[in-house]
Structure formats: C-alpha cells, structure tokens
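Shown here: structure.csv, CSV, C-alpha atoms and all ligand atoms.
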```
chain,number,residue,atom,x,y,z
A,1,MET,CA,-15.5,1.6,2.8
A,2,PRO,CA,-17.9,4.5,3.5
A,3,ALA,CA,-16.8,7.7,1.6
A,4,GLU,CA,-17.1,10.0,4.6
A,5,TRP,CA,-14.9,7.8,6.7
A,6,ALA,CA,-12.2,7.9,4.0
A,7,LEU,CA,-12.4,11.7,3.9
A,8,THR,CA,-12.0,12.2,7.7
A,9,GLU,CA,-9.2,9.7,7.8
A,10,LEU,CA,-7.4,11.4,4.9
A,11,ALA,CA,-7.9,14.9,6.3
A,12,SER,CA,-6.6,14.1,9.8
A,13,GLY,CA,-3.7,12.1,8.3
A,14,ALA,CA,-2.8,15.1,6.1
A,15,GLN,CA,-2.8,17.4,9.2
A,16,GLN,CA,-0.4,15.1,11.0
A,17,ILE,CA,1.9,15.4,8.0
A,18,TRP,CA,1.8,19.2,7.9
A,19,LYS,CA,2.6,19.2,11.6
A,20,ALA,CA,5.5,16.8,11.0
A,21,GLN,CA,6.9,19.1,8.3
A,22,LYS,CA,6.9,22.0,10.8
A,23,ARG,CA,8.6,19.9,13.5
A,24,ILE,CA,11.4,18.5,11.3
A,25,GLN,CA,12.5,21.7,9.5
A,26,GLY,CA,15.8,22.8,10.8
A,27,LEU,CA,16.9,19.2,11.2
A,28,VAL,CA,15.9,17.7,7.8
A,29,ASP,CA,16.4,19.5,4.5
A,30,LYS,CA,14.0,19.4,1.6
A,31,THR,CA,15.3,17.4,-1.4
A,32,PRO,CA,15.2,18.2,-5.1
A,33,LEU,CA,12.9,16.6,-7.6
A,34,ILE,CA,15.0,16.3,-10.7
A,35,TYR,CA,13.5,16.0,-14.3
A,36,SER,CA,15.1,13.1,-16.1
A,37,ASP,CA,15.4,14.0,-19.7
A,38,LYS,CA,16.7,10.5,-20.6
A,39,LEU,CA,14.0,8.5,-18.8
A,40,SER,CA,11.4,10.9,-20.1
A,41,LYS,CA,12.4,10.4,-23.7
A,42,LYS,CA,12.7,6.7,-23.3
A,43,PHE,CA,9.2,6.3,-21.8
A,44,GLU,CA,7.6,9.2,-23.6
A,45,ALA,CA,6.3,10.7,-20.3
A,46,GLY,CA,7.5,13.1,-17.7
A,47,ILE,CA,9.8,11.2,-15.3
A,48,TYR,CA,11.1,12.9,-12.2
A,49,LEU,CA,13.6,11.6,-9.6
A,50,LYS,CA,13.1,12.5,-5.9
A,51,TYR,CA,16.7,12.6,-4.4
A,52,GLU,CA,15.9,11.1,-1.0
A,53,PHE,CA,19.5,9.7,-0.8
A,54,LEU,CA,20.9,13.2,-0.2
A,55,HIS,CA,20.1,13.3,3.6
A,56,PRO,CA,23.1,13.1,5.9
A,57,THR,CA,22.5,9.4,6.7
A,58,GLY,CA,21.9,8.5,3.1
A,59,SER,CA,18.1,7.8,3.3
A,60,PHE,CA,14.7,9.3,3.8
A,61,LYS,CA,14.4,7.5,7.2
A,62,LEU,CA,15.7,10.7,8.9
A,63,ARG,CA,12.3,12.3,8.2
A,64,GLY,CA,10.4,9.7,10.3
A,65,ALA,CA,13.0,9.4,13.0
A,66,ALA,CA,13.1,13.2,13.4
A,67,SER,CA,9.3,13.5,13.4
A,68,LYS,CA,9.0,10.9,16.2
A,69,ILE,CA,11.9,12.0,18.4
A,70,LEU,CA,11.0,15.7,18.1
A,71,SER,CA,7.5,14.9,19.4
A,72,LEU,CA,8.8,13.3,22.7
A,73,GLU,CA,8.3,15.1,26.0
A,74,PRO,CA,11.4,16.7,27.6
A,75,GLU,CA,11.5,13.9,30.3
A,76,GLU,CA,11.3,11.2,27.6
A,77,ARG,CA,14.1,12.8,25.7
A,78,GLN,CA,16.2,13.0,28.8
A,79,ARG,CA,15.7,9.3,29.5
A,80,GLY,CA,16.7,8.3,26.0
A,81,VAL,CA,15.6,6.4,22.9
A,82,ALA,CA,16.3,2.9,21.6
A,83,THR,CA,15.8,0.9,18.4
A,84,PHE,CA,16.6,-2.5,17.0
A,85,SER,CA,17.3,-1.7,13.3
A,86,THR,CA,20.8,-2.1,11.9
A,87,GLY,CA,20.1,-0.4,8.6
A,88,ASN,CA,18.9,3.0,7.5
A,89,HIS,CA,16.4,3.4,10.4
A,90,GLY,CA,19.1,2.7,13.0
A,91,LEU,CA,21.4,5.3,11.4
A,92,ALA,CA,18.6,7.9,11.3
A,93,VAL,CA,17.7,7.4,15.0
A,94,ALA,CA,21.4,7.5,16.0
A,95,TYR,CA,21.9,10.7,13.9
A,96,THR,CA,18.8,12.5,15.2
A,97,ALA,CA,19.6,11.6,18.8
A,98,HIS,CA,23.2,12.8,18.3
A,99,ARG,CA,22.1,16.1,16.8
A,100,LEU,CA,19.6,16.7,19.7
A,101,GLY,CA,21.9,15.5,22.4
A,102,ILE,CA,19.6,12.6,23.4
A,103,PRO,CA,21.1,9.3,24.6
A,104,ALA,CA,20.4,6.5,22.1
A,105,SER,CA,20.8,2.7,22.3
A,106,ILE,CA,20.8,0.4,19.3
A,107,PHE,CA,20.2,-3.3,19.6
A,108,ILE,CA,21.7,-5.6,17.0
A,109,SER,CA,22.4,-9.3,16.6
A,110,GLU,CA,25.8,-11.0,16.5
A,111,ARG,CA,25.4,-11.4,12.8
A,112,VAL,CA,25.5,-7.7,11.9
A,113,PRO,CA,28.6,-7.0,9.7
A,114,GLU,CA,31.5,-5.1,11.0
A,115,THR,CA,31.1,-2.1,8.7
A,116,LYS,CA,27.6,-1.4,9.9
A,117,VAL,CA,28.7,-1.7,13.5
A,118,ASN,CA,31.4,0.8,12.9
A,119,ASN,CA,29.1,3.3,11.2
A,120,LEU,CA,26.8,3.2,14.2
A,121,LYS,CA,29.7,3.5,16.6
A,122,LYS,CA,30.8,6.7,14.9
A,123,LEU,CA,27.5,8.3,15.8
A,124,GLY,CA,28.2,7.8,19.5
A,125,VAL,CA,25.3,5.4,20.3
A,126,LYS,CA,25.3,2.7,22.9
A,127,LEU,CA,25.4,-0.6,21.1
A,128,PHE,CA,23.9,-3.8,22.5
A,129,VAL,CA,25.0,-6.9,20.6
A,130,HIS,CA,22.6,-9.8,21.5
A,131,GLY,CA,21.3,-13.0,19.9
A,132,ARG,CA,21.7,-14.7,16.6
A,133,SER,CA,18.8,-13.0,14.8
A,134,GLN,CA,17.2,-9.6,14.5
A,135,ASP,CA,14.1,-10.9,16.2
A,136,GLU,CA,16.2,-11.8,19.3
A,137,ALA,CA,17.8,-8.3,19.3
A,138,GLU,CA,14.3,-6.8,19.0
A,139,ASP,CA,13.0,-8.8,22.0
A,140,TYR,CA,16.0,-7.7,24.0
A,141,CYS,CA,15.5,-4.1,23.0
A,142,TYR,CA,11.9,-4.1,24.3
A,143,ASP,CA,12.9,-5.9,27.5
A,144,LYS,CA,15.8,-3.6,28.4
A,145,SER,CA,13.9,-0.4,27.3
A,146,ARG,CA,11.0,-1.3,29.6
A,147,LYS,CA,13.5,-1.6,32.5
A,148,GLU,CA,15.4,1.6,31.6
A,149,ASN,CA,12.4,3.6,30.6
A,150,TRP,CA,13.7,4.3,27.1
A,151,THR,CA,11.3,5.1,24.3
A,152,VAL,CA,11.5,2.5,21.5
A,153,ILE,CA,11.5,4.2,18.1
A,154,LYS,CA,9.8,1.7,15.7
A,155,PRO,CA,10.9,1.7,12.0
A,156,PHE,CA,7.5,2.2,10.3
A,157,ASP,CA,4.4,1.1,12.3
A,158,ASP,CA,3.9,4.4,14.1
A,159,PRO,CA,1.7,7.4,13.0
A,160,LEU,CA,4.5,9.9,13.8
A,161,ILE,CA,7.0,8.0,11.7
A,162,ILE,CA,4.4,7.7,8.8
A,163,ALA,CA,3.7,11.4,9.1
A,164,GLY,CA,7.4,12.1,8.8
A,165,GLN,CA,7.8,10.1,5.7
A,166,GLY,CA,4.7,11.8,4.3
A,167,THR,CA,6.5,15.1,4.2
A,168,ILE,CA,8.0,13.8,0.9
A,169,GLY,CA,4.5,13.9,-0.5
A,170,LEU,CA,4.0,17.5,0.5
A,171,GLU,CA,7.3,18.4,-1.2
A,172,ILE,CA,6.4,16.6,-4.4
A,173,LEU,CA,3.0,18.4,-4.5
A,174,SER,CA,4.7,21.8,-4.5
A,175,GLN,CA,7.4,20.7,-6.9
A,176,LEU,CA,5.1,18.9,-9.4
A,177,PRO,CA,1.4,19.7,-9.0
A,178,GLU,CA,0.8,17.9,-12.3
A,179,LEU,CA,1.9,14.6,-10.9
A,180,ASN,CA,-0.3,11.6,-11.6
A,181,THR,CA,1.9,8.6,-10.6
A,182,VAL,CA,4.3,8.0,-7.8
A,183,ILE,CA,6.5,4.9,-7.6
A,184,VAL,CA,7.8,4.0,-4.1
A,185,PRO,CA,10.0,1.3,-2.8
A,186,LEU,CA,8.0,-0.8,-0.4
A,187,SER,CA,9.0,-2.8,2.7
A,188,GLY,CA,7.2,-2.1,6.0
A,189,GLY,CA,5.1,0.5,4.3
A,190,GLY,CA,5.8,3.6,6.4
A,191,LEU,CA,7.2,5.4,3.3
A,192,ILE,CA,4.4,4.6,0.9
A,193,SER,CA,1.6,5.1,3.5
A,194,GLY,CA,2.9,8.6,4.3
A,195,ILE,CA,3.3,9.6,0.7
A,196,ALA,CA,-0.1,8.2,-0.3
A,197,LEU,CA,-1.9,10.1,2.5
A,198,ALA,CA,-0.2,13.4,1.6
A,199,LEU,CA,-0.9,13.0,-2.1
A,200,LYS,CA,-4.4,11.5,-2.2
A,201,CYS,CA,-6.2,14.2,-0.3
A,202,ASN,CA,-4.9,16.7,-2.9
A,203,LEU,CA,-4.8,14.6,-6.0
A,204,PRO,CA,-7.6,12.0,-5.6
A,205,ASP,CA,-6.8,10.3,-8.9
A,206,VAL,CA,-3.0,9.9,-8.3
A,207,ARG,CA,-1.7,6.4,-8.8
A,208,VAL,CA,0.4,5.2,-5.9
A,209,ILE,CA,2.6,2.2,-6.9
A,210,GLY,CA,4.7,0.2,-4.5
A,211,VAL,CA,7.7,-1.9,-5.7
A,212,SER,CA,9.4,-4.7,-3.9
A,213,MET,CA,11.9,-7.5,-4.8
A,214,MET,CA,10.5,-10.9,-5.9
A,215,GLU,CA,11.5,-12.9,-2.9
A,216,SER,CA,10.6,-12.0,0.7
A,217,ALA,CA,8.1,-9.4,-0.4
A,218,VAL,CA,6.3,-9.5,2.9
A,219,MET,CA,3.8,-6.6,2.4
A,220,TYR,CA,2.9,-8.0,-1.1
A,221,GLN,CA,2.3,-11.5,0.3
A,222,SER,CA,0.3,-10.1,3.2
A,223,LEU,CA,-1.9,-8.1,0.8
A,224,GLN,CA,-2.5,-11.4,-1.1
A,225,ALA,CA,-3.3,-13.2,2.2
A,226,GLY,CA,-5.5,-10.4,3.5
A,227,HIS,CA,-3.5,-10.3,6.8
A,228,PRO,CA,0.1,-9.8,7.9
A,229,VAL,CA,2.3,-12.9,7.2
A,230,LYS,CA,5.8,-13.8,8.1
A,231,LEU,CA,8.3,-14.9,5.4
A,232,GLU,CA,11.8,-16.3,5.3
A,233,GLU,CA,14.5,-13.7,4.3
A,234,HIS,CA,16.4,-14.2,1.0
A,235,ASN,CA,19.5,-12.3,0.0
A,236,THR,CA,18.7,-9.4,-2.3
A,237,LEU,CA,20.3,-6.3,-3.7
A,238,ALA,CA,17.4,-4.4,-2.2
A,239,ASP,CA,18.5,-5.4,1.4
A,240,SER,CA,16.8,-2.2,2.9
A,241,LEU,CA,13.5,-3.8,1.9
A,242,LEU,CA,14.0,-6.9,4.0
A,243,GLY,CA,12.2,-7.5,7.3
A,244,GLY,CA,8.7,-8.3,8.3
A,245,ILE,CA,5.7,-6.0,8.7
A,246,GLY,CA,4.9,-7.3,12.2
A,247,LEU,CA,2.1,-9.9,12.7
A,248,ASP,CA,0.5,-7.3,15.1
A,249,ASN,CA,0.8,-4.5,12.5
A,250,GLN,CA,-1.6,-1.7,13.4
A,251,TYR,CA,-1.2,1.1,10.9
A,252,THR,CA,0.8,0.4,7.7
A,253,PHE,CA,-0.9,-2.8,6.6
A,254,PRO,CA,-4.4,-1.2,6.6
A,255,LEU,CA,-3.1,2.0,5.0
A,256,VAL,CA,-1.3,0.2,2.2
A,257,GLU,CA,-4.4,-2.0,1.7
A,258,GLN,CA,-6.6,1.1,1.3
A,259,PHE,CA,-4.4,3.7,-0.4
A,260,VAL,CA,-1.9,1.8,-2.6
A,261,ASP,CA,-3.1,1.1,-6.1
A,262,HIS,CA,-0.6,-1.6,-7.2
A,263,VAL,CA,2.4,-3.5,-5.9
A,264,ILE,CA,4.9,-4.6,-8.5
A,265,LEU,CA,7.7,-7.1,-7.9
A,266,VAL,CA,11.1,-6.8,-9.7
A,267,SER,CA,13.9,-9.4,-10.2
A,268,GLU,CA,17.5,-9.1,-8.9
A,269,GLU,CA,18.7,-8.6,-12.5
A,270,GLU,CA,16.2,-5.7,-13.0
A,271,ILE,CA,17.4,-4.1,-9.8
A,272,ALA,CA,21.0,-4.3,-10.9
A,273,ARG,CA,20.2,-2.9,-14.3
A,274,GLY,CA,18.4,0.0,-12.6
A,275,MET,CA,21.4,0.8,-10.4
A,276,ALA,CA,23.7,0.7,-13.5
A,277,TYR,CA,21.3,2.9,-15.5
A,278,LEU,CA,21.1,5.6,-12.8
A,279,TYR,CA,24.9,5.6,-12.5
A,280,SER,CA,25.6,5.7,-16.2
A,281,GLU,CA,22.9,8.1,-17.3
A,282,HIS,CA,22.6,10.3,-14.2
A,283,ARG,CA,25.9,9.7,-12.4
A,284,ILE,CA,24.2,8.9,-9.2
A,285,ALA,CA,25.0,5.8,-7.0
A,286,VAL,CA,21.9,4.5,-5.2
A,287,GLU,CA,21.3,1.3,-3.3
A,288,GLY,CA,19.2,-1.6,-4.7
A,289,ALA,CA,16.0,-0.5,-2.8
A,290,ALA,CA,16.0,2.8,-4.6
A,291,ALA,CA,16.8,1.3,-8.0
A,292,THR,CA,13.6,-0.9,-7.8
A,293,THR,CA,11.7,2.2,-8.9
A,294,VAL,CA,13.6,2.5,-12.2
A,295,ALA,CA,13.3,-1.3,-12.7
A,296,CYS,CA,9.5,-0.9,-12.3
A,297,LEU,CA,9.2,1.6,-15.2
A,298,ARG,CA,10.1,-1.2,-17.6
A,299,LYS,CA,7.0,-3.2,-16.7
A,300,SER,CA,4.3,-2.8,-19.2
A,301,GLU,CA,1.2,-0.7,-18.3
A,302,ILE,CA,3.1,1.2,-15.6
A,303,VAL,CA,3.8,4.4,-17.6
A,304,LYS,CA,1.4,5.8,-20.2
A,305,PRO,CA,2.3,8.6,-22.6
A,306,ALA,CA,1.9,12.0,-21.0
A,307,ASP,CA,2.0,10.7,-17.5
A,308,ASN,CA,4.0,12.7,-14.9
A,309,VAL,CA,5.8,10.2,-12.7
A,310,ALA,CA,7.9,10.7,-9.6
A,311,LEU,CA,10.3,7.9,-8.6
A,312,ILE,CA,11.4,7.9,-4.9
A,313,LEU,CA,15.2,7.3,-4.8
A,314,SER,CA,15.1,6.3,-1.2
A,315,GLY,CA,18.7,5.7,-0.2
A,316,ASN,CA,22.3,5.2,-1.1
A,317,ASN,CA,23.7,2.9,1.6
A,318,VAL,CA,25.6,0.4,-0.5
A,319,ASP,CA,29.3,-0.1,0.1
A,320,THR,CA,31.7,0.9,-2.7
A,321,SER,CA,32.9,-2.6,-3.6
A,322,SER,CA,29.5,-4.2,-3.8
A,323,PHE,CA,28.2,-1.3,-5.9
A,324,HIS,CA,31.1,-1.6,-8.3
A,325,GLU,CA,30.6,-5.4,-8.5
A,326,VAL,CA,26.9,-5.0,-9.2
A,327,VAL,CA,26.9,-2.3,-11.8
A,328,SER,CA,30.1,-3.2,-13.7
A,329,ALA,CA,28.3,-6.2,-15.2
A,330,TYR,CA,25.7,-3.9,-16.9
A,331,LEU,CA,27.7,-0.8,-17.9
B,1,LIG,C1,13.3,1.6,4.8
B,1,LIG,C2,13.6,1.8,3.4
B,1,LIG,C3,12.6,1.6,2.4
B,1,LIG,C4,11.2,1.1,2.7
B,1,LIG,O1,10.5,1.9,3.6
B,1,LIG,P1,9.3,1.3,4.4
B,1,LIG,O2,8.7,2.4,5.2
B,1,LIG,O3,9.8,0.2,5.3
B,1,LIG,O4,8.3,0.7,3.4
B,1,LIG,C5,12.9,1.9,1.1
B,1,LIG,N1,14.2,2.3,0.7
B,1,LIG,C6,15.2,2.4,1.6
B,1,LIG,C7,16.5,2.9,1.2
B,1,LIG,C8,14.9,2.2,3.0
B,1,LIG,O5,15.9,2.4,3.9
```

Kindly present the structure from the file in structure tokens form.
Ligand SMILES: *Cc1c(COP(=O)(O)O)cnc(C)c1O
Amino acid sequence: MPAEWALTELASGAQQIWKAQKRIQGLVDKTPLIYSDKLSKKFEAGIYLKYEFLHPTGSFKLRGAASKILSLEPEERQRGVATFSTGNHGLAVAYTAHRLGIPASIFISERVPETKVNNLKKLGVKLFVHGRSQDEAEDYCYDKSRKENWTVIKPFDDPLIIAGQGTIGLEILSQLPELNTVIVPLSGGGLISGIALALKCNLPDVRVIGVSMMESAVMYQSLQAGHPVKLEEHNTLADSLLGGIGLDNQYTFPLVEQFVDHVILVSEEEIARGMAYLYSEHRIAVEGAAATTVACLRKSEIVKPADNVALILSGNNVDTSSFHEVVSAYL
C-alpha cells in the first residue's frame, strides 16, 4: 500500500475517534486500566487490564451504539432505531435509546433464550420475534425498518460504530503511553479496528493482536481466504464472538487486514482457564469472549520481557450458573 494513503487514512480515522469521544461523554464513562501484578510477574512484562465490562450493559458495545445514535439527526431519532442483535450490541442499542428517549425495536429469532428476551424487555424496547435463525430476524429487521423509516444500527460494519469502539484506544494512550502490545477479542472486527486506528497513528510500532475461539473464527478464516467467508456456528464459551462478518463487509475486513498484526486462536479449555484465573487472582467475573485475551498470553512469542501489554476485558454477560459451572472445574 502507498505510504501516503495509509497516513491520510489513519489521520481521518483518528479524527473520527476524537469526535466520537466528544459525542459520547456524558453517556459513556471512561474505564480504568488496571496493572496486574500477578500476570506481570508471571509473564515478566507489564500486563494491564482494561475494564470494559464496567459499563452499565456489561460490555464496551455501548461506546459504538452511543457514537452512532448520538450522530443521528433529530428527525431520525424521533422516528426510531432498530437492530437485530440479541447479545451485547442489542443491549447497548436498547440502553442508549432508553437513556435518550428514542424508540427502539429489536429483532430476534424464536430460538433466543428466555433470559435474554427478559433483559431486553426490561429496557423498554419493542421486541419482534421472527424466524428460526438470526439471519431471518435480520432480514425482517431491514424489511420492517424500511417501511417504518427506522435507522438500523449495525453491530460493527459502520464507521461511526468503529469510531466509538476506538475511544478505548484513546483512553489507553493517555493511561499507558508506554504501551507496545494490545490484545483484543475479535469477532466482526469493530472493536479491534477502532482500537488499531486510535493507537497506530500515535504508536506506529504498536502490535495489535486479535484473538478468537478455534471454531467459527469467521474473521480469521476470511483473512486466510483473502475475502469474507461464511461459517457454521459452533457452541463456544466465547459466545459474544459468534456471528458472521457479512459477505458484503465494507469496513472492518479491510481495516483488520491492514492494521491487525496477528490473529491467535484459543481453545475452549484455554478460555475456561482464563475465566477461572481472572476470578481467582483478580476477583472479577468476565464472559468467555473477554477471557480469550488472558488465554492468548500463554501462547509462546506473544509476550516478550519488558513489553507493556493491555488486555481488553470486553464484557461480563455470562449468567451466574454457567459461570459457576465453567470456573469451578479450574479453581
Ligand atoms: C461484540 C463483542 C466482541 C467483539 O467485537 P467485534 O467488534 O464484533 O469484533 C468482543 N467481546 C464482547 C464481550 C463483545 O460483546
């Protein structure tokens, strides 16, 4: 790629992230970056944990949703927003809309579990239950939103969502300017793209490492293939990392291709051990997606002595009984 192109791209990306930071303050709080004495000793490096599970909906997704929804015109806000995610993105859209007094509709399939449905209901959204799969719910969401003039809030493939997630990078820069490695859970790539853009224009040598579960790692397989691919979903502890990247992906696939240095895959057992470790050593309960970052540290060649590494602990949406079941085997 020509160097000057990369530079303009980076600079305008960074500006979008500063604008997003300005937009979301008041709705989204900054999160702490905590030095882990135990992990630092174990890996002979500086290891820091970014507490992105502290947001009111339990994940960083609030940053992107707030960035996007706060950029809508007054008429668009009045008409309402819609989305088709059942997980952390759905919760973030519902919460943001609720706080801003904007009508929100969430489209889910008949297979979505009762607990998730109830969490969404509590946020006062309109729920549309349709179809046997998430894809069918998505199609219905676009159909209905076109008719009703609602703005569909995508989970990751949107520059304003990416910019919102990128505000994590700006915070880390001010918290740890000595950073040289960041480890980020990777699914659709909105999180890692935003963070990479924010960091790389300030720290050109920073290593950005994505981590996914072994099976159904759609972004990883797409990078291998050189274009977005579709994969079957397998059950995983990192359920927030499931889902496709979109065969018509416009932004996150090229950004990940260009700005992410490595993608590492971790096993289910490694994820479970990561969750148990964070609980026993730091007394924090995170979901599998977040624990992939700790699991990744154990891979050889990832951490070198004297590195300063930030792990993005992206969320904590795991129900109590499954958390207990997973970690008790490794405590
Ligand atoms: C959505 C999500 C991710 C991955 O973010 P992408 O932008 O899809 O790559 C990681 N962790 C948690 C907890 C999430 O909810």

Ala272 in chain A surroundings by only C-alpha atoms, 9 Å radius, close-in-sequence under 4 positions cut, as a VMD selection string
chain A and resid 237 267 to 268 276 to 277 288 291 to 292 295 326 to 327 329 to 330

Written selection (C-alpha atoms) as an mmCIF file, in the frame of the given file:
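Saved to out-v9.cif:
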```
data_model
loop_
_atom_site.group_PDB
_atom_site.id
_atom_site.type_symbol
_atom_site.label_atom_id
_atom_site.label_comp_id
_atom_site.auth_asym_id
_atom_site.auth_seq_id
_atom_site.Cartn_x
_atom_site.Cartn_y
_atom_site.Cartn_z
ATOM 1 C CA LEU A 237 20.300 -6.300 -3.700
ATOM 2 C CA SER A 267 13.900 -9.400 -10.200
ATOM 3 C CA GLU A 268 17.500 -9.100 -8.900
ATOM 4 C CA ALA A 276 23.700 0.700 -13.500
ATOM 5 C CA TYR A 277 21.300 2.900 -15.500
ATOM 6 C CA GLY A 288 19.200 -1.600 -4.700
ATOM 7 C CA ALA A 291 16.800 1.300 -8.000
ATOM 8 C CA THR A 292 13.600 -0.900 -7.800
ATOM 9 C CA ALA A 295 13.300 -1.300 -12.700
ATOM 10 C CA VAL A 326 26.900 -5.000 -9.200
ATOM 11 C CA VAL A 327 26.900 -2.300 -11.800
ATOM 12 C CA ALA A 329 28.300 -6.200 -15.200
ATOM 13 C CA TYR A 330 25.700 -3.900 -16.900
#
```

Return as CSV the residues of range 207-319 of chain A lying at most 12 Å from range 119-136 of chain A, together with the closest atom-to-atom pair for each and the distance in Å to one decimal, counting all atoms listed in the file, with rows in chain order and ascending residue number.
```
residue,atom,partner,partner_atom,distance
A:Lys230,CA,A:Asp135,CA,12.0
A:Glu233,CA,A:Gln134,CA,11.3
A:Leu242,CA,A:Gln134,CA,11.3
A:Gly243,CA,A:Gln134,CA,9.0
A:Gly244,CA,A:Asp135,CA,9.9
A:Gly246,CA,A:Asp135,CA,10.7
A:Asn317,CA,A:Asn119,CA,11.0
A:Asp319,CA,A:Asn119,CA,11.6
```

Taking only C-alpha atoms and all ligand atoms into account, which residues are within 9 Å of ligand LIG 1 (chain B), as a ChimeraX atom specification?
/A:52-53,58-61,87-89,155-157,161-162,165,184-194,210,212,219,238-243,245,252,286-290,312-317

At what distance in Å, to one decimal, does CA of Gly169 in chain A lie from CA of Thr236 in chain A?
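Computing the Euclidean distance for CA of Thr236 in chain A and CA of Gly169 in chain A yields 27.3 Å.
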
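The shortest atom-to-atom distance to Thr151 in chain A, with all atoms listed in the file taken into account, belongs to A:Leu72 out of A:Met213, A:Ile17, A:Leu72, A:Leu331.
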
Give as a ChimeraX atom specification each residue that has an atom at most 12 Å from (20.8, 12.2, 21.1) in the file, counting only C-alpha atoms.
/A:65-66,69-70,76-82,91-106,123-126

Counting only C-alpha atoms, the residue among A:Ile302, A:Ala137, A:Val152, A:Leu278 that lies closest to Val208 in chain A is A:Ile302

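For the pair CA of Pro113 in chain A and CA of Glu270 in chain A, the interatomic distance is 25.9 Å.
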
Residue with smallest distance to Ile183 in chain A - pool A:Val318, A:Ile209, A:Leu231, A:Leu10, counting only C-alpha atoms
A:Ile209

Expressed in Å to a single decimal, how great is the separation between CA of Cys201 in chain A and CA of Gly166 in chain A?
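Separation of CA of Cys201 in chain A and CA of Gly166 in chain A: 12.1 Å.
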
Nearest to Cys296 in chain A by atom-to-atom distance, counting only C-alpha atoms, from A:Pro228, A:Met214, A:Asn202, A:Ile34
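Among A:Pro228, A:Met214, A:Asn202, A:Ile34, it is A:Met214 that comes nearest to Cys296 in chain A.
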